file entry.txt (compact mmCIF, C-alpha atoms and all ligand atoms)
# COMPACT_ATOMS: atom_id res chain seq x y z
CA MET A 1 -10.87 14.34 -12.30
CA LEU A 2 -7.91 13.76 -10.07
CA GLY A 3 -9.00 10.32 -8.98
CA CYS A 4 -9.84 11.15 -5.39
CA ASP A 5 -11.41 14.09 -3.72
CA PHE A 6 -8.91 15.17 -1.15
CA ILE A 7 -7.68 18.24 0.61
CA ALA A 8 -3.97 18.28 1.19
CA VAL A 9 -2.40 19.50 4.36
CA ARG A 10 1.30 19.62 5.02
CA ARG A 11 2.99 18.24 8.05
CA SER A 12 6.53 17.54 9.12
CA ASN A 13 7.75 14.09 8.21
CA SER A 14 10.17 11.96 10.17
CA ARG A 15 13.13 13.41 8.25
CA GLY A 16 12.17 16.89 9.27
CA GLY A 17 10.99 17.73 5.77
CA THR A 18 7.44 17.99 4.71
CA CYS A 19 5.10 15.54 3.15
CA CYS A 20 1.51 15.72 2.10
CA CYS A 21 -1.24 13.89 3.80
CA ALA A 22 -4.88 13.16 3.32
CA PRO A 23 -7.49 15.27 5.01
CA THR A 24 -7.17 14.80 8.71
CA PRO A 25 -9.99 12.43 9.64
CA PRO A 26 -12.21 13.06 12.65
CA SER A 27 -10.27 12.82 15.88
CA ILE A 28 -8.67 9.67 17.21
CA GLY A 29 -11.03 7.12 18.67
CA TYR A 30 -14.03 8.89 17.14
CA SER A 31 -16.77 6.45 16.10
CA TYR A 32 -19.03 7.10 13.15
CA TRP A 33 -21.06 5.31 10.50
CA ILE A 34 -20.07 4.62 6.93
CA ARG A 35 -22.42 2.83 4.52
CA GLY A 36 -24.45 1.75 7.54
CA LEU A 37 -21.46 0.20 9.33
CA PRO A 38 -20.02 1.43 12.62
CA VAL A 39 -16.32 2.27 12.46
CA THR A 40 -13.83 3.63 14.97
CA LEU A 41 -10.81 5.45 13.67
CA PRO A 42 -7.36 4.07 14.44
CA SER A 43 -4.82 5.99 16.42
CA SER A 44 -2.96 7.12 13.30
CA THR A 45 -2.85 6.82 9.55
CA THR A 46 -0.29 4.77 7.62
CA SER A 47 0.58 7.11 4.77
CA SER A 48 -0.16 10.31 2.95
CA GLN A 49 -2.26 8.43 0.40
CA GLN A 50 -6.05 8.84 0.41
CA TRP A 51 -7.89 5.66 -0.58
CA ASN A 52 -11.16 5.48 -2.47
CA ALA A 53 -12.50 1.96 -3.00
CA ALA A 54 -14.31 2.77 -6.27
CA VAL A 55 -11.31 4.50 -7.88
CA TYR A 56 -9.07 1.66 -6.72
CA ALA A 57 -11.39 -0.99 -8.15
CA ASP A 58 -11.50 0.85 -11.51
CA ASN A 59 -7.79 1.54 -11.93
CA ALA A 60 -5.92 -0.89 -9.69
CA HIS A 61 -7.82 -4.17 -9.71
CA PHE A 62 -4.61 -5.66 -11.15
CA VAL A 63 -2.91 -5.20 -7.76
CA PRO A 64 -4.82 -7.99 -5.95
CA ALA A 65 -5.21 -9.92 -9.23
CA LEU A 66 -1.40 -10.15 -9.45
CA GLY A 67 -1.18 -11.20 -5.78
CA GLN A 68 -1.61 -14.92 -6.46
CA PRO A 69 2.15 -15.72 -6.14
CA VAL A 70 2.21 -14.36 -2.60
CA VAL A 71 -0.95 -16.34 -1.75
CA ASP A 72 0.84 -19.42 -3.14
CA LEU A 73 3.85 -18.63 -0.95
CA LEU A 74 1.57 -18.30 2.09
CA LEU A 75 -0.01 -21.69 1.35
CA PRO A 76 -2.96 -21.13 3.69
CA GLN A 77 -4.28 -24.25 5.39
CA SER A 78 -7.88 -24.89 6.28
CA GLY A 79 -8.65 -23.70 9.81
CA GLU A 80 -5.55 -21.54 10.14
CA ARG A 81 -6.00 -18.12 11.72
CA ILE A 82 -4.52 -15.47 9.45
CA LEU A 83 -4.13 -11.70 9.83
CA ASP A 84 -4.29 -9.80 6.52
CA LEU A 85 -2.30 -6.61 7.14
CA GLY A 86 -3.67 -3.87 4.89
CA CYS A 87 -6.52 -5.92 3.44
CA GLY A 88 -7.85 -3.06 1.28
CA ASP A 89 -11.19 -3.91 -0.29
CA GLY A 90 -10.71 -7.57 0.61
CA VAL A 91 -10.19 -9.18 -2.81
CA LEU A 92 -7.27 -11.30 -1.59
CA THR A 93 -8.72 -11.74 1.90
CA GLU A 94 -11.71 -13.38 0.26
CA LYS A 95 -9.37 -15.82 -1.51
CA LEU A 96 -7.80 -16.82 1.79
CA VAL A 97 -11.25 -17.38 3.30
CA ALA A 98 -12.25 -19.48 0.28
CA LEU A 99 -9.23 -21.69 1.02
CA GLY A 100 -10.65 -22.41 4.49
CA ALA A 101 -8.66 -19.96 6.62
CA GLN A 102 -10.19 -17.82 9.38
CA VAL A 103 -9.05 -14.38 8.36
CA VAL A 104 -9.10 -11.02 10.10
CA GLY A 105 -8.34 -8.12 7.75
CA ILE A 106 -7.19 -4.72 8.94
CA ASP A 107 -6.78 -1.52 6.96
CA ASN A 108 -6.62 2.14 7.90
CA SER A 109 -9.03 3.25 5.17
CA PRO A 110 -12.68 3.39 6.27
CA ASP A 111 -13.76 3.31 2.61
CA MET A 112 -11.75 0.16 1.88
CA ILE A 113 -12.95 -1.53 5.08
CA ALA A 114 -16.56 -0.76 4.15
CA ALA A 115 -15.97 -2.41 0.74
CA ALA A 116 -14.34 -5.45 2.41
CA ARG A 117 -17.26 -5.81 4.86
CA LEU A 118 -19.68 -5.78 1.94
CA ARG A 119 -17.94 -9.02 0.89
CA GLY A 120 -18.91 -10.46 4.29
CA LEU A 121 -15.35 -10.38 5.62
CA ASP A 122 -14.16 -9.81 9.18
CA ALA A 123 -12.51 -6.52 8.27
CA ARG A 124 -11.57 -3.93 10.87
CA ILE A 125 -10.14 -0.47 10.76
CA GLY A 126 -6.64 -0.65 12.13
CA ASP A 127 -3.17 0.72 11.66
CA ALA A 128 -0.54 -1.78 10.46
CA ARG A 129 2.02 0.16 12.52
CA ALA A 130 0.14 -0.23 15.75
CA GLN A 131 -2.15 -3.24 15.61
CA VAL A 132 -3.05 -4.78 18.91
CA PHE A 133 -3.04 -8.54 18.37
CA GLY A 134 -0.76 -10.77 20.43
CA ASN A 135 0.50 -14.37 19.94
CA GLU A 136 -2.70 -15.45 18.21
CA PHE A 137 -2.20 -15.93 14.47
CA ASP A 138 -0.70 -18.83 12.50
CA ALA A 139 0.28 -16.43 9.73
CA VAL A 140 0.40 -12.73 8.93
CA PHE A 141 -0.11 -11.89 5.25
CA SER A 142 0.41 -8.59 3.45
CA ASN A 143 0.19 -7.58 -0.20
CA ALA A 144 1.08 -4.20 -1.72
CA VAL A 145 0.83 -2.25 1.53
CA LEU A 146 4.13 -2.16 3.38
CA HIS A 147 5.78 0.23 0.88
CA TRP A 148 3.28 2.91 1.98
CA ILE A 149 4.68 2.88 5.52
CA LYS A 150 7.72 4.97 4.70
CA ASP A 151 7.93 6.83 8.00
CA ASP A 152 8.47 3.68 10.06
CA PRO A 153 8.96 0.47 8.03
CA ASP A 154 10.00 -1.47 11.15
CA ALA A 155 6.68 -0.87 12.92
CA PRO A 156 4.53 -3.26 10.83
CA ILE A 157 7.28 -5.92 11.03
CA ALA A 158 7.32 -5.63 14.83
CA GLY A 159 3.51 -5.73 14.86
CA ALA A 160 3.45 -8.88 12.74
CA PHE A 161 5.95 -10.49 15.11
CA ARG A 162 3.75 -9.66 18.12
CA ALA A 163 0.59 -10.93 16.41
CA LEU A 164 2.05 -14.34 15.51
CA LYS A 165 2.17 -17.50 17.62
CA ALA A 166 5.64 -19.05 17.99
CA GLY A 167 6.34 -20.94 14.75
CA GLY A 168 4.00 -18.66 12.80
CA ARG A 169 4.97 -17.14 9.46
CA PHE A 170 4.98 -13.62 8.03
CA VAL A 171 4.49 -13.74 4.26
CA GLY A 172 4.26 -10.62 2.16
CA GLU A 173 4.95 -8.66 -0.95
CA LEU A 174 5.67 -4.96 -1.37
CA GLY A 175 7.29 -2.72 -3.94
CA GLY A 176 11.03 -3.42 -4.05
CA HIS A 177 14.08 -1.25 -4.74
CA GLY A 178 13.69 0.65 -8.04
CA CYS A 179 9.92 0.08 -8.23
CA VAL A 180 8.19 2.69 -10.45
CA GLY A 181 11.57 4.41 -10.88
CA ALA A 182 10.72 6.06 -14.20
CA ILE A 183 7.31 7.19 -12.93
CA THR A 184 8.84 8.65 -9.77
CA VAL A 185 11.49 10.58 -11.71
CA ALA A 186 8.82 12.05 -14.00
CA LEU A 187 6.64 13.01 -11.02
CA MET A 188 9.58 14.74 -9.33
CA ALA A 189 10.91 16.43 -12.49
CA SER A 190 7.51 17.95 -13.27
CA LEU A 191 7.09 19.14 -9.68
CA GLU A 192 10.49 20.86 -9.83
CA ARG A 193 9.63 22.47 -13.17
CA ARG A 194 6.63 23.98 -11.36
CA GLY A 195 8.86 25.47 -8.68
CA VAL A 196 8.52 22.82 -5.96
CA LYS A 197 11.81 22.59 -4.05
CA ASP A 198 13.08 19.26 -2.74
CA ALA A 199 10.65 17.20 -4.84
CA SER A 200 12.01 13.93 -3.43
CA SER A 201 10.48 14.77 -0.03
CA TRP A 202 7.05 14.21 -1.63
CA ILE A 203 7.81 10.55 -2.51
CA PRO A 204 5.37 8.57 -0.35
CA TRP A 205 6.92 5.12 -0.87
CA TYR A 206 9.60 2.99 0.72
CA PHE A 207 11.00 0.43 -1.72
CA PRO A 208 13.70 -1.59 0.07
CA THR A 209 16.45 -3.79 -1.28
CA ALA A 210 16.31 -7.47 -0.32
CA GLU A 211 19.32 -6.95 2.00
CA ASP A 212 17.65 -4.03 3.79
CA TYR A 213 14.40 -5.93 4.34
CA GLU A 214 16.10 -9.13 5.46
CA LEU A 215 18.03 -7.15 8.07
CA ARG A 216 14.85 -5.51 9.34
CA LEU A 217 13.14 -8.91 9.62
CA ARG A 218 16.10 -10.32 11.57
CA ARG A 219 16.27 -7.29 13.88
CA ALA A 220 12.59 -7.81 14.74
CA GLY A 221 13.34 -11.41 15.77
CA PHE A 222 12.21 -13.24 12.61
CA VAL A 223 14.16 -15.96 10.83
CA PRO A 224 13.88 -15.01 7.13
CA ARG A 225 13.35 -17.97 4.79
CA THR A 226 13.14 -16.18 1.42
CA VAL A 227 13.57 -12.51 0.54
CA GLN A 228 13.50 -11.95 -3.22
CA LEU A 229 13.55 -8.89 -5.47
CA ILE A 230 11.47 -9.60 -8.58
CA PRO A 231 11.20 -7.24 -11.60
CA ARG A 232 7.56 -7.35 -12.72
CA PRO A 233 6.64 -5.01 -15.58
CA THR A 234 2.93 -4.46 -15.00
CA PRO A 235 0.35 -3.68 -17.70
CA LEU A 236 -1.92 -0.80 -16.70
CA PRO A 237 -5.53 -1.52 -17.72
CA THR A 238 -6.57 2.16 -17.54
CA GLY A 239 -3.26 3.58 -18.77
CA MET A 240 -0.82 5.87 -17.02
CA ARG A 241 -3.44 8.49 -16.26
CA GLY A 242 -5.61 5.94 -14.42
CA TRP A 243 -2.56 4.85 -12.42
CA LEU A 244 -1.59 8.43 -11.56
CA ASN A 245 -5.16 9.27 -10.58
CA THR A 246 -5.09 6.37 -8.13
CA PHE A 247 -1.57 6.50 -6.69
CA ALA A 248 0.00 9.91 -7.34
CA ASN A 249 -2.16 12.16 -5.22
CA PRO A 250 0.60 12.58 -2.60
CA PHE A 251 2.67 14.37 -5.30
CA CYS A 252 -0.32 16.41 -6.49
CA ALA A 253 -0.69 17.73 -2.97
CA ALA A 254 2.48 19.80 -3.53
CA LEU A 255 0.53 21.95 -6.01
CA PRO A 256 -2.54 24.16 -5.91
CA SER A 257 -5.58 22.14 -7.00
CA GLU A 258 -6.02 24.10 -10.25
CA GLU A 259 -2.54 23.02 -11.44
CA ARG A 260 -2.88 19.31 -10.78
CA GLY A 261 -4.61 18.28 -14.02
CA ALA A 262 -1.94 19.94 -16.19
CA TYR A 263 0.76 18.45 -13.95
CA LEU A 264 -0.51 14.89 -14.49
CA ASP A 265 -0.86 15.55 -18.25
CA GLU A 266 2.77 16.62 -18.33
CA VAL A 267 3.93 13.56 -16.34
CA THR A 268 1.96 11.28 -18.69
CA ALA A 269 3.53 12.93 -21.75
CA LEU A 270 7.04 12.58 -20.27
CA LEU A 271 6.50 8.87 -19.66
CA LYS A 272 4.86 8.04 -22.98
CA PRO A 273 8.07 7.39 -24.98
CA VAL A 274 9.33 4.85 -22.40
CA LEU A 275 6.26 3.16 -20.90
CA CYS A 276 3.68 3.21 -23.71
CA ASP A 277 3.96 0.91 -26.73
CA ALA A 278 3.06 1.65 -30.35
CA ASP A 279 -0.48 0.32 -29.76
CA GLY A 280 -1.09 2.68 -26.83
CA ARG A 281 -0.65 0.02 -24.13
CA TRP A 282 1.01 1.23 -20.93
CA THR A 283 3.29 -0.88 -18.72
CA ALA A 284 4.53 0.33 -15.32
CA ASP A 285 8.09 -0.44 -14.20
CA TYR A 286 7.20 -2.45 -11.08
CA THR A 287 9.68 -4.39 -8.95
CA ARG A 288 8.35 -6.58 -6.13
CA LEU A 289 9.96 -7.67 -2.89
CA ARG A 290 8.50 -11.00 -1.77
CA PHE A 291 9.39 -12.63 1.54
CA THR A 292 8.65 -15.36 4.07
CA ALA A 293 9.93 -15.19 7.63
CA ILE A 294 9.29 -17.38 10.66
CA LYS A 295 8.74 -16.34 14.29
CA PRO A 296 10.96 -18.81 16.19
C1 LIG B 301 1.39 -1.08 -5.55
O1 LIG B 301 0.21 -1.04 -5.28
O2 LIG B 301 1.99 -2.14 -5.55
C2 LIG B 301 2.15 0.18 -5.82
C3 LIG B 301 1.56 1.40 -5.57
C4 LIG B 301 2.26 2.55 -5.79
C5 LIG B 301 3.55 2.51 -6.26
C6 LIG B 301 4.13 1.28 -6.53
C7 LIG B 301 3.44 0.12 -6.29
call {"tool": "encode", "arguments": {"input": "entry.txt", "output": "structure tokens", "more": "lines below"}}
Ligand code: BEZ
result
Amino acid sequence: MLGCDFIAVRRSNSRGGTCCCAPTPPSIGYSYWIRGLPVTLPSSTTSSQQWNAAVYADNAHFVPALGQPVVDLLLPQSGERILDLGCGDGVLTEKLVALGAQVVGIDNSPDMIAAARLRGLDARIGDARAQVFGNEFDAVFSNAVLHWIKDDPDAPIAGAFRALKAGGRFVGELGGHGCVGAITVALMASLERRGVKDASSWIPWYFPTAEDYELRLRRAGFVPRTVQLIPRPTPLPTGMRGWLNTFANPFCAALPSEERGAYLDEVTALLKPVLCDADGRWTADYTRLRFTAIKP
């Protein structure tokens, strides 16, 4: 299994190259039902990644589980109104609600939003690049999402600024410069070995330096308080293949479907000497960028 059922299509990316993207969903503004819940599609998608709540829960439950430091940095207060940008299946959103906050979660994945609503959360389909809230939240929170918005990293920052009241805070964590460097090199090298030209154009992630992100926050009007790059080697509960099945489908889309299994086997074998220990335990080379910024 490749982790997700998806059909790749190619489209031009903002650099004029090509990237892969998930199957084009029904047209913009189209309303339909998923697991008995009405949903309306957002005006656009936020990345080439296709999300599947069950696969994510199996292979990537460590992502929200390791999100506690950014919740601690947010320090949610009872009664505060908080926007969770890219809430996914709502694991962290639920924590914020348990701390007494009134939380609205948005995510562009209908499957993730359905899973979040099953937790009883106020979760809405929405695009972090184009959300429509204005001057109404005490805080905007985001964990492990902003690195997927490679085509326009300033858009979610501008959206967070618009959504906040004056004095409100934007607190988040994303992959930082060098994150999954070894994994990315292996994914690109194996693509090139299979004849894919310009393998770097298939990288779906934006992993900024602290200086880059601080500048973007300032340009949007924020006053940054902390912007930190934090190396965080991350144990992978279902090994490298589970991780690749969950997160590497944008690279797989460069290949015909019948080649993808062998491709991921080859990437896993390349990485084994550096990311797998003698007992068979895998650790991914994660780096996080964690920040707090205030809307003056
Ligand atoms: C994350 O969920 O934090 C992540 C996903 C893909 C690559 C790197 C990090």
call {"tool": "residues_around", "arguments": {"input": "entry.txt", "residues": "segment 209-222 of chain A", "least_positions_apart": "2", "cutoff": "7 Å", "atoms": "all atoms listed in the file", "output": "list in words"}}
result
Asp154, Ile157, Ala158, Gly176, His177, Phe207, Pro224, Val227, Gln228, Leu229, Leu289, Ala293, Ile294, Lys295 and Pro296 of chain A
call {"tool": "closest_atom_pairs", "arguments": {"input": "entry.txt", "of": "chain A", "to": "ligand LIG 301 (chain B)", "cutoff": "10 Å", "atoms": "all atoms listed in the file", "output": "JSON lines"}}
result
{"residue": "A:Gln49", "atom": "CA", "partner": "B:LIG301", "partner_atom": "C4", "distance": 9.7}
{"residue": "A:Tyr56", "atom": "CA", "partner": "B:LIG301", "partner_atom": "O1", "distance": 9.8}
{"residue": "A:Ala60", "atom": "CA", "partner": "B:LIG301", "partner_atom": "O1", "distance": 7.6}
{"residue": "A:His61", "atom": "CA", "partner": "B:LIG301", "partner_atom": "O1", "distance": 9.7}
{"residue": "A:Phe62", "atom": "CA", "partner": "B:LIG301", "partner_atom": "O1", "distance": 8.9}
{"residue": "A:Val63", "atom": "CA", "partner": "B:LIG301", "partner_atom": "O1", "distance": 5.8}
{"residue": "A:Pro64", "atom": "CA", "partner": "B:LIG301", "partner_atom": "O1", "distance": 8.6}
{"residue": "A:Leu66", "atom": "CA", "partner": "B:LIG301", "partner_atom": "O2", "distance": 9.5}
{"residue": "A:Gly67", "atom": "CA", "partner": "B:LIG301", "partner_atom": "O2", "distance": 9.6}
{"residue": "A:Asn143", "atom": "CA", "partner": "B:LIG301", "partner_atom": "O2", "distance": 7.8}
{"residue": "A:Ala144", "atom": "CA", "partner": "B:LIG301", "partner_atom": "O2", "distance": 4.4}
{"residue": "A:Val145", "atom": "CA", "partner": "B:LIG301", "partner_atom": "O1", "distance": 6.9}
{"residue": "A:Leu146", "atom": "CA", "partner": "B:LIG301", "partner_atom": "O2", "distance": 9.2}
{"residue": "A:His147", "atom": "CA", "partner": "B:LIG301", "partner_atom": "C7", "distance": 7.5}
{"residue": "A:Trp148", "atom": "CA", "partner": "B:LIG301", "partner_atom": "C4", "distance": 7.8}
{"residue": "A:Glu173", "atom": "CA", "partner": "B:LIG301", "partner_atom": "O2", "distance": 8.5}
{"residue": "A:Leu174", "atom": "CA", "partner": "B:LIG301", "partner_atom": "O2", "distance": 6.2}
{"residue": "A:Gly175", "atom": "CA", "partner": "B:LIG301", "partner_atom": "C7", "distance": 5.3}
{"residue": "A:Gly176", "atom": "CA", "partner": "B:LIG301", "partner_atom": "C7", "distance": 8.7}
{"residue": "A:Gly178", "atom": "CA", "partner": "B:LIG301", "partner_atom": "C6", "distance": 9.7}
{"residue": "A:Cys179", "atom": "CA", "partner": "B:LIG301", "partner_atom": "C6", "distance": 6.2}
{"residue": "A:Val180", "atom": "CA", "partner": "B:LIG301", "partner_atom": "C6", "distance": 5.8}
{"residue": "A:Gly181", "atom": "CA", "partner": "B:LIG301", "partner_atom": "C6", "distance": 9.2}
{"residue": "A:Ile183", "atom": "CA", "partner": "B:LIG301", "partner_atom": "C5", "distance": 9.0}
{"residue": "A:Thr184", "atom": "CA", "partner": "B:LIG301", "partner_atom": "C5", "distance": 8.8}
{"residue": "A:Ile203", "atom": "CA", "partner": "B:LIG301", "partner_atom": "C5", "distance": 9.8}
{"residue": "A:Pro204", "atom": "CA", "partner": "B:LIG301", "partner_atom": "C5", "distance": 8.7}
{"residue": "A:Trp205", "atom": "CA", "partner": "B:LIG301", "partner_atom": "C5", "distance": 6.9}
{"residue": "A:Tyr206", "atom": "CA", "partner": "B:LIG301", "partner_atom": "C6", "distance": 9.2}
{"residue": "A:Phe207", "atom": "CA", "partner": "B:LIG301", "partner_atom": "C6", "distance": 8.4}
{"residue": "A:Thr234", "atom": "CA", "partner": "B:LIG301", "partner_atom": "O2", "distance": 9.8}
{"residue": "A:Trp243", "atom": "CA", "partner": "B:LIG301", "partner_atom": "C4", "distance": 8.5}
{"residue": "A:Leu244", "atom": "CA", "partner": "B:LIG301", "partner_atom": "C4", "distance": 9.1}
{"residue": "A:Thr246", "atom": "CA", "partner": "B:LIG301", "partner_atom": "C4", "distance": 8.6}
{"residue": "A:Phe247", "atom": "CA", "partner": "B:LIG301", "partner_atom": "C4", "distance": 5.6}
{"residue": "A:Ala248", "atom": "CA", "partner": "B:LIG301", "partner_atom": "C4", "distance": 7.9}
{"residue": "A:Ala284", "atom": "CA", "partner": "B:LIG301", "partner_atom": "C6", "distance": 8.9}
{"residue": "A:Asp285", "atom": "CA", "partner": "B:LIG301", "partner_atom": "C6", "distance": 8.8}
{"residue": "A:Tyr286", "atom": "CA", "partner": "B:LIG301", "partner_atom": "C7", "distance": 6.6}
{"residue": "A:Thr287", "atom": "CA", "partner": "B:LIG301", "partner_atom": "C7", "distance": 8.1}
{"residue": "A:Arg288", "atom": "CA", "partner": "B:LIG301", "partner_atom": "O2", "distance": 7.8}
call {"tool": "residues_around", "arguments": {"input": "entry.txt", "residues": "Lys95 of chain A", "least_positions_apart": "5", "cutoff": "10 Å", "atoms": "only C-alpha atoms", "output": "MDAnalysis selection string"}}
result
chainID A and resid 68 71 76 90 100:101 103
call {"tool": "residues_around", "arguments": {"input": "entry.txt", "residues": "Cys87 of chain A", "least_positions_apart": "4", "cutoff": "7 Å", "atoms": "only C-alpha atoms", "output": "PyMOL selection string"}}
result
chain A and resi 93+105-107
call {"tool": "atom_distance", "arguments": {"input": "entry.txt", "atom1": "atom CA of Val274 of chain A", "atom2": "atom CA of Leu187 of chain A"}}
result
14.3 Å
call {"tool": "atom_distance", "arguments": {"input": "entry.txt", "atom1": "atom CA of Asn59 of chain A", "atom2": "atom CA of Gly261 of chain A"}}
result
17.2 Å
call {"tool": "atom_distance", "arguments": {"input": "entry.txt", "atom1": "atom CA of Gly120 of chain A", "atom2": "atom CA of Glu94 of chain A"}}
result
8.8 Å
call {"tool": "closest_residue", "arguments": {"input": "entry.txt", "among": "A:Ala189, A:Leu83, A:Ala160, A:Leu236", "to": "Arg124 of chain A", "atoms": "only C-alpha atoms"}}
result
A:Leu83
call {"tool": "closest_residue", "arguments": {"input": "entry.txt", "among": "A:Leu92, A:Leu164, A:Leu255, A:Met240", "to": "Leu275 of chain A", "atoms": "all atoms listed in the file"}}
result
A:Met240
call {"tool": "residues_around", "arguments": {"input": "entry.txt", "residues": "Leu74 of chain A", "least_positions_apart": "5", "cutoff": "9 Å", "atoms": "only C-alpha atoms", "output": "PyMOL selection string"}}
result
chain A and resi 69+139-141+169-172+292
call {"tool": "axis_aligned_box", "arguments": {"input": "entry.txt", "around": "segment 249-266 of chain A", "padding_each_side": "8 Å", "output": "lines of an AutoDock Vina configuration file"}}
result
center_x = -1.6
center_y = 18.2
center_z = -10.5
size_x = 24.8
size_y = 28.0
size_z = 31.7
call {"tool": "closest_residue", "arguments": {"input": "entry.txt", "among": "A:Pro231, A:Glu266, A:Ser142, A:Pro208", "to": "Leu73 of chain A", "atoms": "all atoms listed in the file"}}
result
A:Ser142
call {"tool": "closest_residue", "arguments": {"input": "entry.txt", "among": "A:Gly134, A:Pro250, A:Pro153, A:Gly195", "to": "Ala166 of chain A", "atoms": "all atoms listed in the file"}}
result
A:Gly134
call {"tool": "decode", "arguments": {"input": "entry.txt", "residues": "segment 191-227 of chain A", "atoms": "C-alpha atoms", "output": "mmCIF file, in the first residue's frame"}}
result
data_model
loop_
_atom_site.group_PDB
_atom_site.id
_atom_site.type_symbol
_atom_site.label_atom_id
_atom_site.label_comp_id
_atom_site.auth_asym_id
_atom_site.auth_seq_id
_atom_site.Cartn_x
_atom_site.Cartn_y
_atom_site.Cartn_z
ATOM 1 C CA LEU A 191 13.697 9.855 -8.236
ATOM 2 C CA GLU A 192 16.686 10.932 -10.328
ATOM 3 C CA ARG A 193 17.924 7.340 -10.573
ATOM 4 C CA ARG A 194 14.519 6.559 -12.100
ATOM 5 C CA GLY A 195 14.954 9.252 -14.733
ATOM 6 C CA VAL A 196 13.013 12.107 -13.117
ATOM 7 C CA LYS A 197 14.657 15.404 -14.075
ATOM 8 C CA ASP A 198 14.798 18.303 -11.616
ATOM 9 C CA ALA A 199 13.837 16.154 -8.620
ATOM 10 C CA SER A 200 14.000 19.149 -6.262
ATOM 11 C CA SER A 201 10.885 20.611 -7.932
ATOM 12 C CA TRP A 202 8.908 17.760 -6.322
ATOM 13 C CA ILE A 203 9.820 18.838 -2.756
ATOM 14 C CA PRO A 204 6.487 19.897 -1.240
ATOM 15 C CA TRP A 205 7.866 21.598 1.892
ATOM 16 C CA TYR A 206 9.086 25.023 2.908
ATOM 17 C CA PHE A 207 11.470 24.849 5.873
ATOM 18 C CA PRO A 208 12.594 28.399 6.716
ATOM 19 C CA THR A 209 15.501 29.647 8.764
ATOM 20 C CA ALA A 210 14.651 31.648 11.893
ATOM 21 C CA GLU A 211 15.884 34.835 10.144
ATOM 22 C CA ASP A 212 13.672 34.235 7.110
ATOM 23 C CA TYR A 213 10.560 33.612 9.211
ATOM 24 C CA GLU A 214 11.174 36.541 11.545
ATOM 25 C CA LEU A 215 11.426 38.840 8.526
ATOM 26 C CA ARG A 216 8.180 37.501 7.090
ATOM 27 C CA LEU A 217 6.409 38.040 10.429
ATOM 28 C CA ARG A 218 7.701 41.625 10.614
ATOM 29 C CA ARG A 219 6.728 42.367 7.006
ATOM 30 C CA ALA A 220 3.165 41.236 7.792
ATOM 31 C CA GLY A 221 3.015 43.740 10.677
ATOM 32 C CA PHE A 222 3.743 41.402 13.609
ATOM 33 C CA VAL A 223 6.192 42.090 16.413
ATOM 34 C CA PRO A 224 8.070 38.776 16.809
ATOM 35 C CA ARG A 225 8.772 37.792 20.424
ATOM 36 C CA THR A 226 10.575 34.461 19.918
ATOM 37 C CA VAL A 227 11.624 32.674 16.733
#
